[in-house]
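Novice: So I've got this file, input_32.cif, and it contains mmCIF, C-alpha atoms:
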data_model
#
loop_
_atom_site.label_atom_id
_atom_site.label_comp_id
_atom_site.auth_asym_id
_atom_site.auth_seq_id
_atom_site.Cartn_x
_atom_site.Cartn_y
_atom_site.Cartn_z
CA MET C 27 13.62 4.28 4.53
CA ILE C 28 10.47 6.44 4.23
CA GLU C 29 10.63 9.84 5.88
CA ILE C 30 7.73 12.28 5.62
CA GLN C 31 8.27 15.69 7.22
CA ASN C 32 5.70 18.48 7.62
CA LEU C 33 3.72 17.40 4.57
CA ASN C 34 0.79 19.62 3.65
CA LYS C 35 -1.85 19.27 0.95
CA ARG C 36 -4.95 21.38 0.55
CA PHE C 37 -7.83 21.04 -1.91
CA HIS C 38 -9.68 24.36 -1.98
CA ASP C 39 -10.73 24.94 1.65
CA ASN C 40 -10.04 21.37 2.73
CA ASN C 41 -6.65 20.93 4.41
CA VAL C 42 -6.23 17.17 3.89
CA LEU C 43 -2.64 16.75 5.10
CA ASN C 44 -1.69 18.97 8.01
CA ASP C 45 2.06 18.97 8.76
CA LEU C 46 2.08 15.18 8.44
CA CYS C 47 5.19 13.55 9.89
CA ILE C 48 6.00 9.86 9.78
CA ASN C 49 9.21 7.82 9.72
CA ILE C 50 9.11 4.21 8.58
CA LYS C 51 12.25 2.18 9.17
CA LYS C 52 13.84 -0.25 6.74
CA GLY C 53 12.15 -3.64 6.95
CA GLU C 54 9.16 -2.30 8.85
CA SER C 55 5.63 -3.34 7.89
CA ALA C 56 3.75 -0.14 8.62
CA VAL C 57 -0.04 -0.02 8.53
CA ILE C 58 -1.94 3.25 8.33
CA ILE C 59 -5.47 3.17 9.74
CA GLY C 60 -8.04 5.92 10.04
CA GLN C 61 -11.47 7.03 9.05
CA SER C 62 -12.28 7.60 5.38
CA GLY C 63 -11.43 11.14 4.31
CA THR C 64 -8.57 11.65 6.78
CA GLY C 65 -5.82 11.80 4.14
CA LYS C 66 -4.57 8.21 3.81
CA SER C 67 -5.06 7.98 0.05
CA VAL C 68 -3.72 11.50 -0.52
CA MET C 69 -0.59 10.62 1.45
CA LEU C 70 -0.13 7.48 -0.65
CA LYS C 71 -0.60 9.43 -3.89
CA CYS C 72 2.08 11.87 -2.75
CA LEU C 73 4.42 8.95 -2.00
CA LEU C 74 3.82 7.65 -5.53
CA GLY C 75 4.30 11.06 -7.12
CA LEU C 76 0.70 11.14 -8.39
CA ILE C 77 -0.01 14.31 -6.39
CA ASN C 78 2.43 17.09 -5.58
CA PRO C 79 2.25 18.36 -1.99
CA ASP C 80 1.87 22.05 -1.21
CA SER C 81 4.81 21.95 1.18
CA GLY C 82 6.94 19.54 3.13
CA SER C 83 9.39 16.78 2.33
CA ILE C 84 9.34 13.08 1.41
CA LYS C 85 12.54 11.04 1.40
CA ILE C 86 12.78 7.48 0.07
CA ASN C 87 16.09 5.77 0.83
CA ASN C 88 17.43 9.18 1.97
CA LYS C 89 16.60 10.78 -1.39
CA GLU C 90 14.08 13.58 -1.82
CA ILE C 91 11.34 12.57 -4.27
CA PHE C 92 10.24 16.18 -4.83
CA ASP C 93 12.60 18.98 -5.85
CA LYS C 94 12.68 22.46 -4.32
CA ASN C 95 9.75 23.43 -6.54
CA LEU C 96 7.83 20.36 -5.31
CA LYS C 97 8.06 18.63 -8.68
CA TYR C 98 8.31 14.84 -8.65
CA ILE C 99 11.75 13.24 -9.19
CA LYS C 100 10.84 9.83 -10.61
CA LYS C 101 14.38 8.40 -10.59
CA ASN C 102 14.56 8.84 -6.80
CA ASN C 103 11.49 6.66 -6.30
CA SER C 104 12.01 3.92 -8.88
CA ASN C 105 12.30 0.65 -6.97
CA VAL C 106 8.76 0.59 -5.61
CA GLY C 107 5.98 -2.00 -5.92
CA MET C 108 2.27 -1.25 -5.61
CA LEU C 109 -0.83 -3.33 -4.96
CA PHE C 110 -3.81 -1.18 -5.86
CA GLN C 111 -7.21 -1.34 -4.23
CA GLY C 112 -9.32 -3.72 -6.31
CA GLY C 113 -6.20 -5.07 -8.04
CA ALA C 114 -6.37 -2.63 -10.99
CA LEU C 115 -5.37 -5.29 -13.50
CA PHE C 116 -5.43 -4.50 -17.20
CA ASP C 117 -8.54 -6.22 -18.59
CA SER C 118 -7.16 -6.48 -22.13
CA LEU C 119 -3.86 -8.14 -21.18
CA PRO C 120 -3.26 -11.79 -20.27
CA ILE C 121 -2.07 -12.48 -16.75
CA TRP C 122 1.62 -12.84 -17.62
CA LYS C 123 1.65 -9.46 -19.34
CA ASN C 124 -0.12 -7.88 -16.37
CA ILE C 125 2.54 -9.21 -14.02
CA SER C 126 5.51 -8.24 -16.19
CA PHE C 127 4.05 -4.95 -17.44
CA THR C 128 6.92 -2.78 -16.17
CA ASP C 129 9.60 -4.95 -17.78
CA LEU C 130 7.68 -5.13 -21.05
CA GLN C 131 7.66 -1.33 -21.10
CA LYS C 132 11.44 -1.46 -20.79
CA LYS C 133 11.58 -3.61 -23.96
CA ILE C 134 12.77 -6.71 -22.11
CA SER C 135 12.03 -9.78 -24.23
CA GLU C 136 8.61 -11.40 -23.93
CA LYS C 137 10.23 -14.80 -23.37
CA THR C 138 12.17 -13.50 -20.37
CA CYS C 139 9.11 -11.71 -18.99
CA ARG C 140 6.90 -14.76 -19.36
CA ILE C 141 9.39 -17.02 -17.56
CA LYS C 142 9.76 -14.57 -14.67
CA SER C 143 5.98 -14.09 -14.53
CA GLU C 144 5.50 -17.83 -14.08
CA GLN C 145 8.14 -17.90 -11.34
CA THR C 146 6.47 -14.97 -9.59
CA LEU C 147 3.02 -16.57 -9.84
CA GLU C 148 4.36 -19.60 -7.99
CA LYS C 149 5.28 -17.32 -5.08
CA VAL C 150 1.61 -16.35 -4.66
CA GLY C 151 0.29 -19.89 -5.01
CA LEU C 152 -0.77 -19.86 -8.67
CA GLY C 153 0.47 -22.03 -11.52
CA SER C 154 1.28 -21.74 -15.21
CA GLU C 155 -2.31 -22.57 -16.16
CA VAL C 156 -3.35 -18.95 -15.50
CA LEU C 157 -0.57 -17.29 -17.53
CA ASP C 158 -2.66 -16.85 -20.67
CA LEU C 159 -5.98 -16.19 -18.98
CA PHE C 160 -7.47 -12.72 -18.68
CA PRO C 161 -8.45 -11.06 -15.38
CA SER C 162 -12.17 -11.57 -16.04
CA GLU C 163 -11.57 -15.33 -16.05
CA LEU C 164 -10.23 -15.32 -12.47
CA SER C 165 -12.00 -15.13 -9.12
CA GLY C 166 -11.58 -12.06 -6.94
CA GLY C 167 -9.08 -13.85 -4.72
CA MET C 168 -7.03 -15.02 -7.70
CA GLN C 169 -7.04 -11.50 -9.15
CA LYS C 170 -5.70 -10.21 -5.84
CA ARG C 171 -2.91 -12.80 -5.96
CA VAL C 172 -2.02 -11.69 -9.48
CA ALA C 173 -1.97 -8.07 -8.31
CA LEU C 174 0.40 -9.09 -5.51
CA ALA C 175 2.58 -10.94 -8.03
CA ARG C 176 2.77 -7.77 -10.12
CA ALA C 177 3.75 -5.75 -7.04
CA ILE C 178 6.64 -8.07 -6.15
CA PHE C 179 7.72 -8.81 -9.74
CA PRO C 180 10.42 -6.06 -9.84
CA GLU C 181 11.76 -7.22 -6.44
CA PRO C 182 11.21 -3.77 -4.93
CA ASP C 183 12.75 -2.25 -1.82
CA ILE C 184 9.38 -0.76 -0.86
CA ILE C 185 5.86 -2.06 -1.45
CA PHE C 186 2.69 -0.03 -1.00
CA PHE C 187 -0.59 -1.84 -0.36
CA ASP C 188 -3.89 0.03 -0.78
CA GLU C 189 -6.72 -1.85 0.99
CA PRO C 190 -5.30 -5.28 0.01
CA THR C 191 -8.24 -7.28 1.43
CA THR C 192 -11.13 -5.13 0.20
CA GLY C 193 -13.94 -7.22 -1.29
CA LEU C 194 -12.55 -10.55 -0.11
CA ASP C 195 -14.20 -13.08 2.18
CA PRO C 196 -12.46 -13.56 5.57
CA ILE C 197 -10.69 -16.78 4.58
CA THR C 198 -9.34 -15.42 1.29
CA ALA C 199 -8.36 -12.19 3.07
CA ASP C 200 -6.32 -14.20 5.57
CA VAL C 201 -4.58 -16.04 2.71
CA ILE C 202 -3.66 -12.68 1.12
CA ASN C 203 -2.45 -11.32 4.46
CA ASN C 204 -0.15 -14.30 4.95
CA LEU C 205 1.15 -14.07 1.39
CA ILE C 206 1.96 -10.40 1.98
CA ILE C 207 3.89 -11.27 5.15
CA GLU C 208 5.82 -14.07 3.42
CA ARG C 209 6.71 -12.14 0.27
CA VAL C 210 7.69 -8.93 2.09
CA LYS C 211 9.93 -10.94 4.42
CA GLU C 212 11.45 -12.86 1.50
CA LEU C 213 12.30 -9.64 -0.32
CA GLY C 214 13.52 -7.88 2.81
CA ALA C 215 11.27 -5.04 1.72
CA THR C 216 9.69 -2.19 3.63
CA ALA C 217 5.89 -2.25 3.45
CA LEU C 218 3.30 0.48 3.89
CA THR C 219 -0.34 -0.57 3.93
CA ILE C 220 -3.52 1.47 4.06
CA THR C 221 -6.48 -0.47 5.39
CA HIS C 222 -9.79 -0.30 7.26
CA ASP C 223 -9.58 -4.05 7.92
CA MET C 224 -8.42 -4.35 11.51
CA ALA C 225 -7.95 -8.12 11.23
CA SER C 226 -5.57 -7.46 8.35
CA ALA C 227 -3.81 -4.68 10.26
CA ARG C 228 -3.27 -6.91 13.28
CA THR C 229 -1.90 -9.69 11.07
CA ILE C 230 0.57 -7.86 8.84
CA ALA C 231 1.71 -4.88 10.91
CA SER C 232 4.93 -4.54 12.80
CA LYS C 233 3.77 -1.01 13.59
CA ILE C 234 0.40 0.71 13.28
CA TYR C 235 -0.16 4.43 12.73
CA MET C 236 -3.50 6.20 13.05
CA LEU C 237 -4.11 9.16 10.78
CA HIS C 238 -6.70 11.72 11.84
CA ALA C 239 -7.28 15.26 10.59
CA GLY C 240 -4.25 15.00 8.33
CA ASN C 241 -1.67 13.91 10.90
CA ILE C 242 -0.56 10.92 12.94
CA ILE C 243 -2.26 10.95 16.35
CA TRP C 244 -1.09 7.53 17.58
CA ASP C 245 1.45 4.85 16.73
CA GLY C 246 2.43 1.58 18.30
CA ASN C 247 2.70 -2.16 17.80
CA VAL C 248 -0.22 -4.61 17.83
CA ASN C 249 0.13 -5.33 21.57
CA GLU C 250 0.01 -1.60 22.32
CA LEU C 251 -3.08 -1.33 20.11
CA GLU C 252 -4.89 -3.78 22.37
CA THR C 253 -3.94 -2.00 25.61
CA THR C 254 -4.12 1.68 24.64
CA ASP C 255 -6.50 4.10 26.34
CA ASN C 256 -6.41 6.48 23.35
CA LYS C 257 -10.06 7.39 22.77
CA PHE C 258 -9.61 7.85 19.01
CA ILE C 259 -8.09 4.38 18.61
CA LEU C 260 -10.68 2.75 20.85
CA GLN C 261 -13.57 4.29 18.93
CA PHE C 262 -12.08 3.27 15.59
CA ILE C 263 -11.22 -0.35 16.38
CA LYS C 264 -14.57 -0.89 18.12
CA GLY C 265 -16.45 0.71 15.23
CA GLU C 266 -18.48 2.98 17.49
CA SER C 267 -20.33 6.02 16.16
CA ILE C 268 -20.05 7.91 19.46
CA GLY C 269 -16.66 9.32 20.42
CA PRO C 270 -14.10 11.98 19.53
CA ILE C 271 -14.11 11.02 15.83
CA GLU C 272 -16.97 12.81 14.10
CA LEU C 273 -18.74 11.17 11.18
CA GLN C 274 -17.58 12.46 7.80
CA ASN C 275 -19.90 13.36 4.94
CA ASN C 276 -18.05 11.37 2.23
#
Starting from the file, lay out its structure as structure tokens.
Specialist:
Amino acid sequence: MIEIQNLNKRFHDNNVLNDLCINIKKGESAVIIGQSGTGKSVMLKCLLGLINPDSGSIKINNKEIFDKNLKYIKKNNSNVGMLFQGGALFDSLPIWKNISFTDLQKKISEKTCRIKSEQTLEKVGLGSEVLDLFPSELSGGMQKRVALARAIFPEPDIIFFDEPTTGLDPITADVINNLIIERVKELGATALTITHDMASARTIASKIYMLHAGNIIWDGNVNELETTDNKFILQFIKGESIGPIELQNN
């Protein structure tokens, strides 16, 4: 479903992605963990076509998303949903237009978009009373639900989640985690999540990958995470400053 082979990206003297290889199977809920500055966000931006890699290959549904000149091929990466860190809702648009933004851009009727927005809101536990509200009128948890509704609105094959529980209290974070599990399963989608929240990772992941120095240094399921003797993983999940992972100057 998602195949990354020998992906490289350098910014000046900083080699952020270093022959990165990862294969995520159809229906898998993959979670990428790792210290800040190790390339997680750059990898995600490459997957979304926001950054062109210097070399390497990315295939989505067996289709290359960059041509031989490493230019983005949008049509080969079209059926994708995205939940941005912080939600990234449009402040000037009411909730229903935020959710249906992609369809509105395709000139689909507002009536159709509004009806589908209401149906999608129900899937994340919100009702019609928020349709005409603006993001500033919602709590942080409600904004995150709206962002999730927008991500699943096009019924995508693949959904990317960038720090989905950032800024949320533990209870609200758990609600969002469970909604992610339910909606991804309902869609039969493949999910890729970037997170520092190990409680979230343990909840939503069918497989966890650790990114360090621009490449995957460990992968396994949640049970393997708890029993591994990998020193990088142990330092990261315990949050210890002493170990093989050196502190980054971010």
Novice: Might you pull out every residue within 10 Å of Ile271 in chain C, with all atoms listed in the file counted and same-chain residues fewer than 6 positions away left off, and present them as a PDB file with C-alpha atoms, keeping the file's coordinate frame?
Specialist:
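See selection-v3.pdb below for the written result:
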ATOM      1  CA  GLY C  60      -8.040   5.920  10.040  1.00  0.00           C
ATOM      2  CA  GLN C  61     -11.470   7.030   9.050  1.00  0.00           C
ATOM      3  CA  HIS C 238      -6.700  11.720  11.840  1.00  0.00           C
ATOM      4  CA  ALA C 239      -7.280  15.260  10.590  1.00  0.00           C
ATOM      5  CA  LYS C 257     -10.060   7.390  22.770  1.00  0.00           C
ATOM      6  CA  PHE C 258      -9.610   7.850  19.010  1.00  0.00           C
ATOM      7  CA  ILE C 259      -8.090   4.380  18.610  1.00  0.00           C
ATOM      8  CA  GLN C 261     -13.570   4.290  18.930  1.00  0.00           C
ATOM      9  CA  PHE C 262     -12.080   3.270  15.590  1.00  0.00           C
TER      10      PHE C 262
END
Novice: Given the point (14.1, 2.8, -6.0) in the coordinates of this file, which residues lie within 12 Å, counting all atoms listed in the file, and how would they look as a PDB file with C-alpha atoms, keeping the file's coordinate frame?
Specialist:
ATOM      1  CA  MET C  27      13.620   4.280   4.530  1.00  0.00           C
ATOM      2  CA  ILE C  28      10.470   6.440   4.230  1.00  0.00           C
ATOM      3  CA  LEU C  74       3.820   7.650  -5.530  1.00  0.00           C
ATOM      4  CA  LYS C  85      12.540  11.040   1.400  1.00  0.00           C
ATOM      5  CA  ILE C  86      12.780   7.480   0.070  1.00  0.00           C
ATOM      6  CA  ASN C  87      16.090   5.770   0.830  1.00  0.00           C
ATOM      7  CA  ASN C  88      17.430   9.180   1.970  1.00  0.00           C
ATOM      8  CA  LYS C  89      16.600  10.780  -1.390  1.00  0.00           C
ATOM      9  CA  GLU C  90      14.080  13.580  -1.820  1.00  0.00           C
ATOM     10  CA  ILE C  91      11.340  12.570  -4.270  1.00  0.00           C
ATOM     11  CA  ILE C  99      11.750  13.240  -9.190  1.00  0.00           C
ATOM     12  CA  LYS C 100      10.840   9.830 -10.610  1.00  0.00           C
ATOM     13  CA  LYS C 101      14.380   8.400 -10.590  1.00  0.00           C
ATOM     14  CA  ASN C 102      14.560   8.840  -6.800  1.00  0.00           C
ATOM     15  CA  ASN C 103      11.490   6.660  -6.300  1.00  0.00           C
ATOM     16  CA  SER C 104      12.010   3.920  -8.880  1.00  0.00           C
ATOM     17  CA  ASN C 105      12.300   0.650  -6.970  1.00  0.00           C
ATOM     18  CA  VAL C 106       8.760   0.590  -5.610  1.00  0.00           C
ATOM     19  CA  GLY C 107       5.980  -2.000  -5.920  1.00  0.00           C
ATOM     20  CA  PRO C 180      10.420  -6.060  -9.840  1.00  0.00           C
ATOM     21  CA  GLU C 181      11.760  -7.220  -6.440  1.00  0.00           C
ATOM     22  CA  PRO C 182      11.210  -3.770  -4.930  1.00  0.00           C
ATOM     23  CA  ASP C 183      12.750  -2.250  -1.820  1.00  0.00           C
ATOM     24  CA  ILE C 184       9.380  -0.760  -0.860  1.00  0.00           C
ATOM     25  CA  ILE C 185       5.860  -2.060  -1.450  1.00  0.00           C
ATOM     26  CA  ALA C 215      11.270  -5.040   1.720  1.00  0.00           C
ATOM     27  CA  THR C 216       9.690  -2.190   3.630  1.00  0.00           C
TER      28      THR C 216
END
Novice: Taking all atoms listed in the file into account, which of C:Lys51, C:Lys35, C:Lys71, C:Lys142 comes nearest Ile178 in chain C?
Specialist: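 The closest residue to Ile178 in chain C is C:Lys142.
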Novice: Of the residues C:Leu109, C:Leu237, C:Val248, C:Ile268, which is the one nearest to Thr191 in chain C, using only C-alpha atoms?
Specialist: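 Of the candidates, the smallest distance to Thr191 in chain C is held by C:Leu109.
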Novice: Work out how far apart CA of Lys149 in chain C and CA of Ile197 in chain C are and give it in Å to one decimal.
Specialist: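 Value for the CA of Lys149 in chain C-CA of Ile197 in chain C distance: 18.7 Å.
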Novice: Emit as AutoDock Vina command-line options the padded axis-aligned box for all listed atoms of range 134-153 of chain C, 3 Å per side, with centre and edge lengths in Å to one decimal.
Specialist:
--center_x 6.0 --center_y -14.4 --center_z -14.4 --size_x 19.5 --size_y 21.3 --size_z 25.6
Novice: Show me, as a PyMOL selection string, the residues that have an atom within 7 Å of range 201-212 of chain C when counting all atoms listed in the file, minus same-chain residues fewer than 4 positions from it.
Specialist: chain C and resi 150+197+226+229-230
Novice: Using only C-alpha atoms, which residues sit within 8 Å of Leu115 in chain C once same-chain residues fewer than 5 positions away are excluded, as a list in words?
Specialist: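 Everything that qualifies: Asn124, Pro161, Gln169 and Ala173 of chain C.
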Novice: Please evaluate the PyMOL selection byres ((chain C and resi 62) around 12) against the structure above and give the resulting residues as number ranges by chain.
Specialist: C: 42, 58-61, 63-68, 189, 220-222, 236-240, 262, 271-276
Novice: Restricting the calculation to only C-alpha atoms: of C:Lys233, C:Ile125, C:Ile243, C:Gly112, which residue gets closest to Leu194 in chain C?
Specialist: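 Looking at the shortest contact to Leu194 in chain C, the residue is C:Gly112.
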Novice: So how far away is CA of Ser162 in chain C from CA of Trp122 in chain C, in Å?
Specialist: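 CA of Trp122 in chain C sits 13.9 Å away from CA of Ser162 in chain C.
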Novice: Suppose you want the space between CA of Asp188 in chain C and CA of Gly82 in chain C; what is it in Å?
Specialist: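 Between CA of Asp188 in chain C and CA of Gly82 in chain C the gap works out to 22.7 Å.
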